[in-house]
>>> print(open('my_file-v4.cif').read())   # mmCIF, C-alpha atoms and all ligand atoms
data_target
loop_
_atom_site.label_atom_id
_atom_site.label_comp_id
_atom_site.auth_asym_id
_atom_site.auth_seq_id
_atom_site.Cartn_x
_atom_site.Cartn_y
_atom_site.Cartn_z
CA MET A 1 27.67 -1.65 6.85
CA SER A 2 24.03 -1.92 7.77
CA LYS A 3 21.81 -4.67 8.99
CA VAL A 4 18.26 -4.21 7.74
CA LEU A 5 15.32 -6.00 9.36
CA ILE A 6 12.24 -6.18 7.11
CA LEU A 7 8.79 -6.67 8.64
CA ALA A 8 7.01 -9.22 6.42
CA GLU A 9 3.31 -8.56 5.95
CA HIS A 10 0.91 -11.42 5.30
CA ASP A 11 -2.78 -12.13 5.37
CA LYS A 12 -3.93 -15.35 7.01
CA GLY A 13 -0.72 -17.10 6.12
CA ALA A 14 -0.36 -15.72 2.58
CA LEU A 15 2.57 -13.39 1.88
CA LYS A 16 1.42 -9.93 0.75
CA LYS A 17 2.99 -8.25 -2.26
CA VAL A 18 3.77 -5.11 -0.21
CA THR A 19 6.49 -7.15 1.51
CA LEU A 20 8.26 -7.56 -1.83
CA ASN A 21 7.87 -3.84 -2.63
CA THR A 22 9.47 -3.12 0.75
CA LEU A 23 12.22 -5.59 -0.04
CA ALA A 24 12.99 -3.62 -3.23
CA PHE A 25 13.68 -0.57 -1.04
CA ALA A 26 15.81 -2.65 1.36
CA ARG A 27 17.91 -3.95 -1.52
CA GLN A 28 18.52 -0.39 -2.74
CA TYR A 29 19.55 0.60 0.78
CA VAL A 30 21.98 -2.30 1.11
CA ALA A 31 23.38 -1.61 -2.39
CA LYS A 32 24.11 1.98 -1.30
CA PHE A 33 25.34 1.51 2.25
CA GLY A 34 26.53 -2.11 2.26
CA GLY A 35 25.41 -4.83 4.65
CA SER A 36 22.62 -7.38 4.52
CA TYR A 37 18.92 -7.81 5.20
CA ASP A 38 16.85 -10.26 7.25
CA PHE A 39 13.09 -10.82 7.32
CA ALA A 40 10.90 -10.88 10.43
CA VAL A 41 7.77 -13.02 10.14
CA LEU A 42 5.44 -12.51 13.09
CA GLY A 43 2.14 -14.32 13.63
CA HIS A 44 0.71 -17.70 14.46
CA ASN A 45 0.94 -20.75 12.18
CA VAL A 46 2.91 -18.67 9.69
CA ALA A 47 5.79 -21.04 8.91
CA GLY A 48 4.54 -21.05 5.31
CA VAL A 49 5.21 -17.31 5.03
CA ALA A 50 8.78 -17.80 6.28
CA GLU A 51 9.22 -20.64 3.81
CA ALA A 52 7.95 -18.46 0.93
CA LEU A 53 10.58 -15.82 1.78
CA ARG A 54 13.58 -18.16 1.79
CA SER A 55 14.42 -17.56 -1.88
CA TYR A 56 14.65 -13.75 -1.62
CA GLY A 57 18.28 -13.43 -0.62
CA ALA A 58 17.90 -12.67 3.10
CA GLY A 59 20.69 -13.55 5.55
CA VAL A 60 18.10 -15.10 7.87
CA VAL A 61 14.31 -15.37 7.93
CA HIS A 62 13.36 -14.90 11.61
CA LEU A 63 10.12 -16.64 12.55
CA VAL A 64 8.27 -15.55 15.67
CA ASP A 65 5.31 -17.91 15.91
CA HIS A 66 3.15 -17.34 18.97
CA ALA A 67 -0.60 -17.53 19.65
CA ASP A 68 -0.55 -13.99 21.07
CA LEU A 69 0.76 -12.68 17.74
CA ALA A 70 -2.06 -14.21 15.67
CA HIS A 71 -3.53 -10.74 15.13
CA PRO A 72 -1.34 -7.70 14.48
CA ILE A 73 -1.91 -5.98 17.83
CA ALA A 74 0.55 -3.14 17.50
CA SER A 75 1.85 -3.08 21.07
CA ALA A 76 2.73 -6.80 20.95
CA TRP A 77 4.18 -6.79 17.44
CA ALA A 78 6.26 -3.67 18.15
CA LYS A 79 7.75 -5.16 21.29
CA VAL A 80 8.71 -8.40 19.57
CA LEU A 81 10.09 -6.62 16.50
CA ALA A 82 12.17 -4.24 18.63
CA ASP A 83 13.47 -7.15 20.76
CA LEU A 84 14.40 -9.04 17.60
CA ALA A 85 16.14 -5.99 16.10
CA LYS A 86 18.18 -5.56 19.29
CA SER A 87 19.04 -9.22 19.51
CA ILE A 88 20.39 -9.47 15.94
CA GLY A 89 21.98 -5.97 15.95
CA ALA A 90 19.77 -4.55 13.19
CA ASP A 91 20.31 -0.80 12.85
CA ILE A 92 17.39 -0.21 10.49
CA VAL A 93 13.88 -1.67 10.62
CA VAL A 94 11.71 -1.28 7.52
CA GLY A 95 8.16 -2.23 6.70
CA PRO A 96 5.35 -1.26 4.38
CA ALA A 97 3.42 1.96 5.07
CA SER A 98 0.26 -0.15 5.27
CA THR A 99 -2.40 -0.11 7.97
CA THR A 100 -0.34 -2.61 9.97
CA GLY A 101 3.00 -0.92 9.27
CA LYS A 102 1.67 2.52 10.23
CA ASP A 103 0.44 1.07 13.52
CA VAL A 104 3.49 -1.00 14.42
CA LEU A 105 6.56 0.84 13.11
CA PRO A 106 6.34 4.13 15.07
CA ARG A 107 6.11 2.06 18.27
CA VAL A 108 9.23 0.16 17.21
CA ALA A 109 11.00 3.52 16.70
CA VAL A 110 10.11 4.56 20.25
CA ARG A 111 11.35 1.27 21.68
CA LEU A 112 14.65 1.52 19.79
CA GLY A 113 15.15 5.25 20.40
CA ALA A 114 15.28 5.52 16.62
CA GLY A 115 14.48 8.36 14.26
CA MET A 116 11.76 7.50 11.78
CA ALA A 117 10.92 8.50 8.22
CA SER A 118 7.53 7.44 6.87
CA GLU A 119 6.03 6.78 3.41
CA ILE A 120 9.43 6.73 1.72
CA VAL A 121 9.29 6.76 -2.09
CA SER A 122 13.03 6.71 -2.88
CA LEU A 123 16.57 7.01 -1.61
CA THR A 124 18.34 10.11 -2.89
CA ASP A 125 21.85 10.07 -4.36
CA GLY A 126 23.01 11.70 -1.11
CA GLY A 127 21.45 8.89 0.93
CA ALA A 128 18.43 10.82 2.27
CA PHE A 129 14.96 9.30 2.49
CA ARG A 130 12.55 11.02 0.09
CA ARG A 131 8.90 11.30 1.09
CA PRO A 132 5.87 13.16 -0.28
CA MET A 133 4.47 16.08 1.72
CA TRP A 134 1.47 18.37 1.23
CA ALA A 135 -0.52 15.72 -0.66
CA GLY A 136 2.44 15.00 -2.90
CA ASN A 137 2.92 18.63 -3.98
CA LEU A 138 6.32 18.73 -2.29
CA MET A 139 9.02 16.15 -1.77
CA GLY A 140 10.92 16.21 1.51
CA ASP A 141 14.38 14.67 1.89
CA VAL A 142 14.82 13.32 5.41
CA LYS A 143 18.16 12.57 7.06
CA ILE A 144 18.03 10.53 10.24
CA THR A 145 20.80 11.30 12.69
CA THR A 146 20.19 8.53 15.25
CA ALA A 147 22.19 5.31 15.03
CA ASN A 148 19.01 3.25 14.73
CA LYS A 149 16.46 4.04 12.04
CA VAL A 150 12.89 2.97 11.30
CA ILE A 151 11.43 3.42 7.82
CA SER A 152 7.97 2.83 6.41
CA VAL A 153 7.95 2.36 2.65
CA ARG A 154 5.23 3.48 0.24
CA ALA A 155 4.82 0.17 -1.58
CA SER A 156 3.41 1.69 -4.76
CA ALA A 157 6.70 3.54 -5.35
CA PHE A 158 8.75 0.33 -5.69
CA ASP A 159 8.30 -2.58 -8.09
CA ALA A 160 8.01 -5.91 -6.29
CA ALA A 161 11.44 -7.52 -5.83
CA GLU A 162 12.12 -10.79 -7.60
CA ALA A 163 13.34 -13.97 -5.93
CA THR A 164 17.07 -14.56 -6.24
CA GLY A 165 17.05 -18.29 -5.58
CA GLY A 166 18.96 -19.83 -2.69
CA GLN A 167 17.50 -21.01 0.59
CA SER A 168 17.91 -18.57 3.48
CA PRO A 169 17.86 -20.28 6.89
CA VAL A 170 14.70 -19.92 8.99
CA THR A 171 15.46 -19.26 12.66
CA ALA A 172 12.91 -19.27 15.46
CA PHE A 173 12.98 -16.28 17.80
CA ALA A 174 11.43 -16.86 21.23
CA SER A 175 8.97 -14.18 22.22
CA ASP A 176 7.21 -13.22 25.42
CA ALA A 177 4.28 -11.76 23.51
CA GLY A 178 1.87 -12.71 26.28
CA LEU A 179 3.31 -9.94 28.45
CA ALA A 180 2.99 -7.35 25.74
CA THR A 181 -0.67 -8.12 25.07
CA ALA A 182 -1.73 -8.08 28.72
CA ARG A 183 -3.46 -4.69 28.34
CA VAL A 184 -4.81 -5.20 24.83
CA LYS A 185 -6.97 -8.15 23.82
CA PHE A 186 -8.14 -9.07 20.35
CA VAL A 187 -11.93 -9.11 20.24
CA SER A 188 -12.93 -9.41 16.59
CA PHE A 189 -11.99 -8.25 13.13
CA ASP A 190 -14.78 -6.76 11.07
CA GLY A 191 -13.18 -7.16 7.66
CA VAL A 192 -14.90 -6.37 4.37
CA GLN A 193 -15.51 -9.60 2.44
CA SER A 194 -14.90 -9.25 -1.27
CA THR A 195 -14.20 -11.54 -4.18
CA ARG A 196 -12.37 -8.71 -5.95
CA PRO A 197 -8.61 -8.19 -5.72
CA ASP A 198 -7.24 -6.08 -2.86
CA LEU A 199 -7.35 -2.44 -3.97
CA THR A 200 -3.72 -1.75 -3.07
CA GLU A 201 -2.43 -4.88 -4.83
CA ALA A 202 -4.69 -5.02 -7.93
CA ALA A 203 -3.20 -4.78 -11.43
CA VAL A 204 -6.30 -2.94 -12.67
CA VAL A 205 -8.40 -0.41 -10.72
CA VAL A 206 -11.73 1.01 -11.87
CA ALA A 207 -12.37 4.17 -9.86
CA GLY A 208 -15.52 6.26 -9.92
CA GLY A 209 -16.27 9.78 -8.77
CA ARG A 210 -19.17 11.89 -7.58
CA GLY A 211 -20.38 12.31 -11.18
CA LEU A 212 -21.64 8.71 -11.17
CA LYS A 213 -24.13 9.51 -8.40
CA ASP A 214 -26.33 6.58 -7.37
CA LYS A 215 -25.32 4.69 -10.54
CA PHE A 216 -21.80 4.25 -9.09
CA GLY A 217 -22.08 0.46 -8.80
CA ALA A 218 -24.08 0.03 -12.00
CA VAL A 219 -21.30 1.76 -13.99
CA THR A 220 -18.12 0.53 -12.25
CA GLU A 221 -18.96 -3.09 -11.36
CA PRO A 222 -19.55 -4.53 -14.87
CA LEU A 223 -16.31 -2.93 -16.13
CA ALA A 224 -14.40 -4.21 -13.08
CA ASP A 225 -15.92 -7.68 -13.63
CA VAL A 226 -14.69 -7.99 -17.23
CA LEU A 227 -11.23 -6.74 -16.28
CA GLY A 228 -10.87 -8.66 -13.00
CA ALA A 229 -10.29 -5.27 -11.39
CA ALA A 230 -10.60 -3.76 -7.94
CA ILE A 231 -13.00 -0.84 -7.49
CA GLY A 232 -11.96 2.49 -6.01
CA ALA A 233 -13.59 5.87 -5.51
CA SER A 234 -12.93 9.53 -4.93
CA ARG A 235 -13.61 10.93 -1.51
CA ALA A 236 -16.58 12.91 -2.83
CA ALA A 237 -18.20 9.68 -4.06
CA VAL A 238 -17.63 8.16 -0.60
CA ASP A 239 -18.78 11.24 1.33
CA ASP A 240 -21.96 11.42 -0.73
CA GLY A 241 -22.70 7.78 0.07
CA PHE A 242 -22.32 6.39 -3.47
CA ALA A 243 -19.35 4.16 -2.58
CA PRO A 244 -18.17 2.47 0.63
CA ASN A 245 -15.44 3.98 2.77
CA ASP A 246 -12.80 1.35 2.05
CA TYR A 247 -12.92 2.27 -1.68
CA GLN A 248 -11.41 5.72 -1.07
CA ILE A 249 -8.22 6.55 -2.95
CA GLY A 250 -6.13 9.62 -2.27
CA GLN A 251 -4.39 11.65 0.36
CA THR A 252 -6.73 10.46 3.09
CA GLY A 253 -7.49 7.12 1.46
CA LYS A 254 -5.47 4.34 -0.10
CA VAL A 255 -2.44 4.83 -2.33
CA VAL A 256 -2.44 2.68 -5.44
CA ALA A 257 -0.18 2.23 -8.47
CA PRO A 258 -1.77 -0.41 -10.69
CA GLN A 259 -0.79 -1.19 -14.27
CA LEU A 260 -4.09 0.34 -15.42
CA TYR A 261 -6.25 2.94 -13.63
CA PHE A 262 -9.68 4.10 -14.83
CA ALA A 263 -10.78 7.47 -13.43
CA ILE A 264 -14.46 7.72 -14.31
CA ALA A 265 -16.28 10.98 -13.57
CA ILE A 266 -13.44 12.07 -11.28
CA SER A 267 -12.30 15.69 -11.61
CA GLY A 268 -8.68 15.06 -10.54
CA ALA A 269 -8.33 17.14 -7.38
CA VAL A 270 -4.79 17.19 -6.02
CA GLN A 271 -5.86 15.10 -3.02
CA HIS A 272 -7.14 12.37 -5.34
CA LEU A 273 -4.03 12.48 -7.55
CA ALA A 274 -1.90 11.93 -4.43
CA GLY A 275 -3.30 8.39 -4.27
CA MET A 276 -3.09 7.29 -7.90
CA LYS A 277 -0.76 9.40 -10.02
CA ASN A 278 1.97 6.73 -10.01
CA SER A 279 -0.34 4.31 -11.85
CA LYS A 280 1.40 3.00 -14.97
CA VAL A 281 -1.43 3.83 -17.44
CA ILE A 282 -4.24 6.22 -16.53
CA VAL A 283 -7.49 6.36 -18.49
CA ALA A 284 -9.80 9.30 -17.73
CA ILE A 285 -13.44 9.40 -18.76
CA ASN A 286 -15.10 12.71 -18.02
CA LYS A 287 -17.67 14.87 -19.77
CA ASN A 288 -15.75 18.08 -19.05
CA PRO A 289 -12.54 18.38 -21.15
CA ASP A 290 -11.08 21.05 -18.85
CA GLU A 291 -10.83 18.86 -15.74
CA PRO A 292 -7.30 18.43 -14.27
CA ILE A 293 -7.57 14.62 -14.46
CA PHE A 294 -6.79 14.92 -18.19
CA LYS A 295 -3.39 16.45 -17.33
CA VAL A 296 -2.20 13.19 -15.72
CA ALA A 297 -4.12 10.82 -18.04
CA ASP A 298 -2.37 8.75 -20.71
CA TYR A 299 -5.70 8.26 -22.48
CA GLY A 300 -8.63 10.66 -22.15
CA LEU A 301 -12.19 10.22 -23.32
CA VAL A 302 -14.49 13.24 -23.18
CA ALA A 303 -17.87 11.57 -22.89
CA ASP A 304 -20.88 10.91 -20.73
CA ALA A 305 -19.79 8.03 -18.49
CA PHE A 306 -23.31 6.60 -18.37
CA VAL A 307 -23.10 5.99 -22.10
CA ALA A 308 -19.36 5.45 -22.67
CA VAL A 309 -18.57 2.99 -19.87
CA PRO A 310 -21.31 0.44 -20.69
CA GLU A 311 -20.22 0.63 -24.37
CA LEU A 312 -16.58 0.11 -23.40
CA THR A 313 -17.55 -2.80 -21.13
CA ALA A 314 -19.55 -4.45 -23.93
CA GLN A 315 -16.65 -4.02 -26.37
CA ILE A 316 -14.14 -5.58 -23.97
CA LYS A 317 -16.54 -8.47 -23.35
CA THR A 318 -16.85 -9.07 -27.10
CA LEU A 319 -13.07 -8.87 -27.62
CA ARG A 320 -12.45 -11.35 -24.83
CA GLY A 321 -15.06 -13.70 -26.25
C1 LIG B 401 -7.77 17.49 3.56
C2 LIG B 401 -8.45 16.90 2.35
C3 LIG B 401 -8.23 15.57 2.07
C4 LIG B 401 -8.84 14.99 0.95
N1 LIG B 401 -8.59 13.67 0.65
C5 LIG B 401 -9.11 13.16 -0.48
C6 LIG B 401 -8.82 11.82 -0.87
O1 LIG B 401 -8.13 11.07 -0.18
N2 LIG B 401 -9.34 11.37 -2.03
C7 LIG B 401 -10.11 12.14 -2.85
O2 LIG B 401 -10.55 11.65 -3.91
N3 LIG B 401 -10.42 13.40 -2.50
C8 LIG B 401 -9.95 13.92 -1.34
N4 LIG B 401 -10.30 15.18 -0.99
C9 LIG B 401 -11.36 15.86 -1.75
C10 LIG B 401 -10.93 16.50 -3.05
O3 LIG B 401 -10.46 17.80 -2.81
C11 LIG B 401 -12.09 16.54 -4.08
O4 LIG B 401 -13.16 17.23 -3.50
C12 LIG B 401 -12.58 15.17 -4.53
O5 LIG B 401 -11.49 14.38 -4.97
C13 LIG B 401 -13.55 15.35 -5.69
O6 LIG B 401 -14.10 14.12 -6.04
P1 LIG B 401 -14.75 13.94 -7.48
O7 LIG B 401 -13.72 14.18 -8.52
O8 LIG B 401 -15.44 12.62 -7.50
O9 LIG B 401 -15.90 15.03 -7.47
P2 LIG B 401 -16.04 16.37 -8.27
O10 LIG B 401 -14.86 17.24 -8.11
O11 LIG B 401 -17.38 16.90 -7.93
O12 LIG B 401 -16.02 15.90 -9.78
C14 LIG B 401 -17.04 15.16 -10.39
C15 LIG B 401 -16.61 14.93 -11.83
O13 LIG B 401 -17.57 14.14 -12.50
C16 LIG B 401 -17.67 14.61 -13.82
N5 LIG B 401 -18.96 14.15 -14.32
C17 LIG B 401 -20.20 14.45 -13.85
N6 LIG B 401 -21.13 13.76 -14.54
C18 LIG B 401 -20.50 13.03 -15.46
C19 LIG B 401 -20.89 12.10 -16.47
N7 LIG B 401 -22.20 11.79 -16.65
N8 LIG B 401 -19.95 11.53 -17.24
C20 LIG B 401 -18.64 11.82 -17.09
N9 LIG B 401 -18.20 12.69 -16.15
C21 LIG B 401 -19.11 13.26 -15.34
C22 LIG B 401 -17.56 16.12 -13.70
O14 LIG B 401 -17.17 16.73 -14.91
C23 LIG B 401 -16.47 16.23 -12.63
O15 LIG B 401 -15.19 16.26 -13.22
C24 LIG B 401 -9.71 15.78 0.12
C25 LIG B 401 -9.91 17.12 0.44
C26 LIG B 401 -9.30 17.67 1.53
C27 LIG B 401 -9.53 19.13 1.83
#
>>> encode(input="my_file-v4.cif", output="C-alpha cells", more="lines below")
Ligand SMILES: Cc1cc2nc3c(=O)[nH]c(=O)nc-3n(C[C@H](O)[C@H](O)[C@H](O)COP(=O)(O)OP(=O)(O)OC[C@H]3O[C@@H](n4cnc5c(N)ncnc54)[C@H](O)[C@@H]3O)c2cc1C
Amino acid sequence: MSKVLILAEHDKGALKKVTLNTLAFARQYVAKFGGSYDFAVLGHNVAGVAEALRSYGAGVVHLVDHADLAHPIASAWAKVLADLAKSIGADIVVGPASTTGKDVLPRVAVRLGAGMASEIVSLTDGGAFRRPMWAGNLMGDVKITTANKVISVRASAFDAAEATGGQSPVTAFASDAGLATARVKFVSFDGVQSTRPDLTEAAVVVAGGRGLKDKFGAVTEPLADVLGAAIGASRAAVDDGFAPNDYQIGQTGKVVAPQLYFAIAISGAVQHLAGMKNSKVIVAINKNPDEPIFKVADYGLVADAFVAVPELTAQIKTLRG
C-alpha cells in the first residue's frame, strides 16, 4: 500500500491542467500498488486551488498557505513538501515535470533520501517507471530501490484526470517557510505577457520553422488567431532570431501534446519530434516532400508555406463565418 503526495501546480491562484495530468499518473500508480493519494497545495492566498481539487478523489487536500511561499522558490517549497510528506507518511511524491517541478522535486528527493525518476511517460506492467532517453529515441525503464520515491511526470503523456465527485477534506499544514527562504529572496518575475493560450496547455499549436525566415510572425499569427492557438517554433527558428525563446518546442524546449499541431516549414529533426510527436493530429506543411516531418504527420501538404498558410487561414475564416 502506498501513500502518494501530489504537488499541485497553479498560476496566480488558478489550478493548472498539468496537475490533472499528474493526477492521472497517480491514479494508475494507486490502481497498481494500492493505497491512496493526497494533494499538496503550496502558495499564498491559494485556498481556491485547494477548493478546486476537493472533487478529485484525494484522501486529503493539504493546504500550506504562507506569505513566504507566494513564489515557487525551490528551496522553500522543497522543504515544506518534504516536511509534509514525512508528517503524513507519504512514500512517493509526484509532480509535473514543469519548470517548477524540475526545480522543486529533485530537492525533495534529497531531503527524503529518495530515489528519483524524471519525465515519466508510463508505468510498465512490471511496475517500472518508463522515461524517454536520447531525445526520445530510447525508452528507459527505471526501478527505484529506496523506500521513498520522487517522480516527475511528463504531463503530455497522460490525459487530464476527471473529477470523481465527493468533497475531500482540506487540512492546513503549518510551515516554517520563513527559515527556508532566509538565503533566497524573491526579487521579481519577468514573465512573458501573452493573450494566447499557454503553449504547454493549448489544444491547438501553430509551430513554425526556419523556412519562414523573417515572415515567421506574418505567417503563424493569423492562423493562430483564427484557431485560438498557441504559437511554437523549432530551435533553428529561435536561434536565427525569427521567434522568441519561449516558443521553442523539442528536446531542449517545451514538450507539447495538443489535439492539433501545425508544423510549418519545419524539417522534423529528431530533437524537434521529441517535443511534439505525441500530438493527437499533426499537420505538416513543407515544400520538400522528403522531409522527415511527413513520417510523423497525419496530414501532409507539400507546398510553399508563404502561399498555402494564408490561403488556409482565409478558408478557415470563411468557414467560421
Ligand atoms: C543537442 C541538441 C538539441 C536540440 N534541441 C532542439 C529542440 O529542442 N527543438 C528543435 O526544434 N530543434 C532542436 N535541435 C535542432 C535540430 O537538430 C534541428 O536543427 C532543428 O529542429 C531544425 O529546425 P527547422 O526544421 O526549423 O530548420 P531546418 O532543418 O533548416 O528546416 C527548414 C524547413 O523549412 C522548409 N521550408 C523552407 N522554405 C519553405 C517554404 N517557403 N515553405 C514550406 N517549407 C519551407 C524546408 O524544406 C525545411 O524542411 C537540437 C539540436 C541539438 C544538437
>>> atom_distance(input="my_file-v4.cif", atom1="atom CA of Val49 of chain A", atom2="atom CA of Val256 of chain A")
23.8 Å
>>> closest_residue(input="my_file-v4.cif", among="A:Arg130, A:Lys102, A:His62, A:Arg154", to="Thr22 of chain A", atoms="all atoms listed in the file")
A:Arg154
>>> residues_near_ligand(input="my_file-v4.cif", ligand="ligand LIG 401 (chain B)", cutoff="6 Å", atoms="all atoms listed in the file", output="JSON list (two decimals) with C-alpha atoms, in the coordinates of the input")
[["chain", "number", "residue", "atom", "x", "y", "z"],
["A", 209, "GLY", "CA", -16.27, 9.78, -8.77],
["A", 210, "ARG", "CA", -19.17, 11.89, -7.58],
["A", 211, "GLY", "CA", -20.38, 12.31, -11.18],
["A", 234, "SER", "CA", -12.93, 9.53, -4.93],
["A", 235, "ARG", "CA", -13.61, 10.93, -1.51],
["A", 236, "ALA", "CA", -16.58, 12.91, -2.83],
["A", 237, "ALA", "CA", -18.20, 9.68, -4.06],
["A", 249, "ILE", "CA", -8.22, 6.55, -2.95],
["A", 250, "GLY", "CA", -6.13, 9.62, -2.27],
["A", 251, "GLN", "CA", -4.39, 11.65, 0.36],
["A", 252, "THR", "CA", -6.73, 10.46, 3.09],
["A", 253, "GLY", "CA", -7.49, 7.12, 1.46],
["A", 265, "ALA", "CA", -16.28, 10.98, -13.57],
["A", 266, "ILE", "CA", -13.44, 12.07, -11.28],
["A", 267, "SER", "CA", -12.30, 15.69, -11.61],
["A", 268, "GLY", "CA", -8.68, 15.06, -10.54],
["A", 269, "ALA", "CA", -8.33, 17.14, -7.38],
["A", 271, "GLN", "CA", -5.86, 15.10, -3.02],
["A", 272, "HIS", "CA", -7.14, 12.37, -5.34],
["A", 285, "ILE", "CA", -13.44, 9.40, -18.76],
["A", 286, "ASN", "CA", -15.10, 12.71, -18.02],
["A", 287, "LYS", "CA", -17.67, 14.87, -19.77],
["A", 288, "ASN", "CA", -15.75, 18.08, -19.05],
["A", 291, "GLU", "CA", -10.83, 18.86, -15.74],
["A", 303, "ALA", "CA", -17.87, 11.57, -22.89],
["A", 304, "ASP", "CA", -20.88, 10.91, -20.73],
["A", 305, "ALA", "CA", -19.79, 8.03, -18.49],
["A", 306, "PHE", "CA", -23.31, 6.60, -18.37]]
>>> closest_residue(input="my_file-v4.cif", among="A:Ile92, A:Ala218, A:Val170, A:Val18", to="Ile144 of chain A", atoms="all atoms listed in the file")
A:Ile92
>>> residues_around(input="my_file-v4.cif", residues="segment 56-61 of chain A", least_positions_apart="3", cutoff="6 Å", atoms="all atoms listed in the file", output="list of chain:residue names")
A:Tyr37, A:Asp38, A:Phe39, A:Leu53, A:Ala163, A:Thr164, A:Ser168, A:Pro169, A:Val170
>>> atom_distance(input="my_file-v4.cif", atom1="atom CA of Arg107 of chain A", atom2="atom CA of Lys149 of chain A")
12.2 Å
>>> closest_residue(input="my_file-v4.cif", among="A:Val64, A:Val41, A:Ile231, A:Ala257", to="Gly95 of chain A", atoms="only C-alpha atoms")
A:Val41
>>> decode(input="my_file-v4.cif", residues="segment 76-98 of chain A", atoms="C-alpha atoms", output="compact mmCIF listing (two decimals), in the first residue's frame")
# COMPACT_ATOMS: atom_id res chain seq x y z
CA ALA A 76 11.38 26.79 0.42
CA TRP A 77 8.85 24.70 -1.48
CA ALA A 78 11.06 21.59 -1.31
CA LYS A 79 11.49 21.90 2.44
CA VAL A 80 7.77 22.29 3.06
CA LEU A 81 6.85 19.49 0.67
CA ALA A 82 9.38 17.11 2.24
CA ASP A 83 8.19 18.03 5.76
CA LEU A 84 4.59 17.41 4.71
CA ALA A 85 5.48 14.06 3.10
CA LYS A 86 7.22 12.97 6.31
CA SER A 87 4.41 14.15 8.51
CA ILE A 88 1.68 12.25 6.63
CA GLY A 89 3.87 9.18 5.88
CA ALA A 90 3.81 9.59 2.10
CA ASP A 91 6.25 7.18 0.45
CA ILE A 92 6.01 8.70 -3.03
CA VAL A 93 5.92 12.38 -4.02
CA VAL A 94 4.87 13.18 -7.59
CA GLY A 95 4.59 16.39 -9.55
CA PRO A 96 4.63 17.64 -13.10
CA ALA A 97 7.96 17.80 -14.97
CA SER A 98 7.33 21.52 -15.46
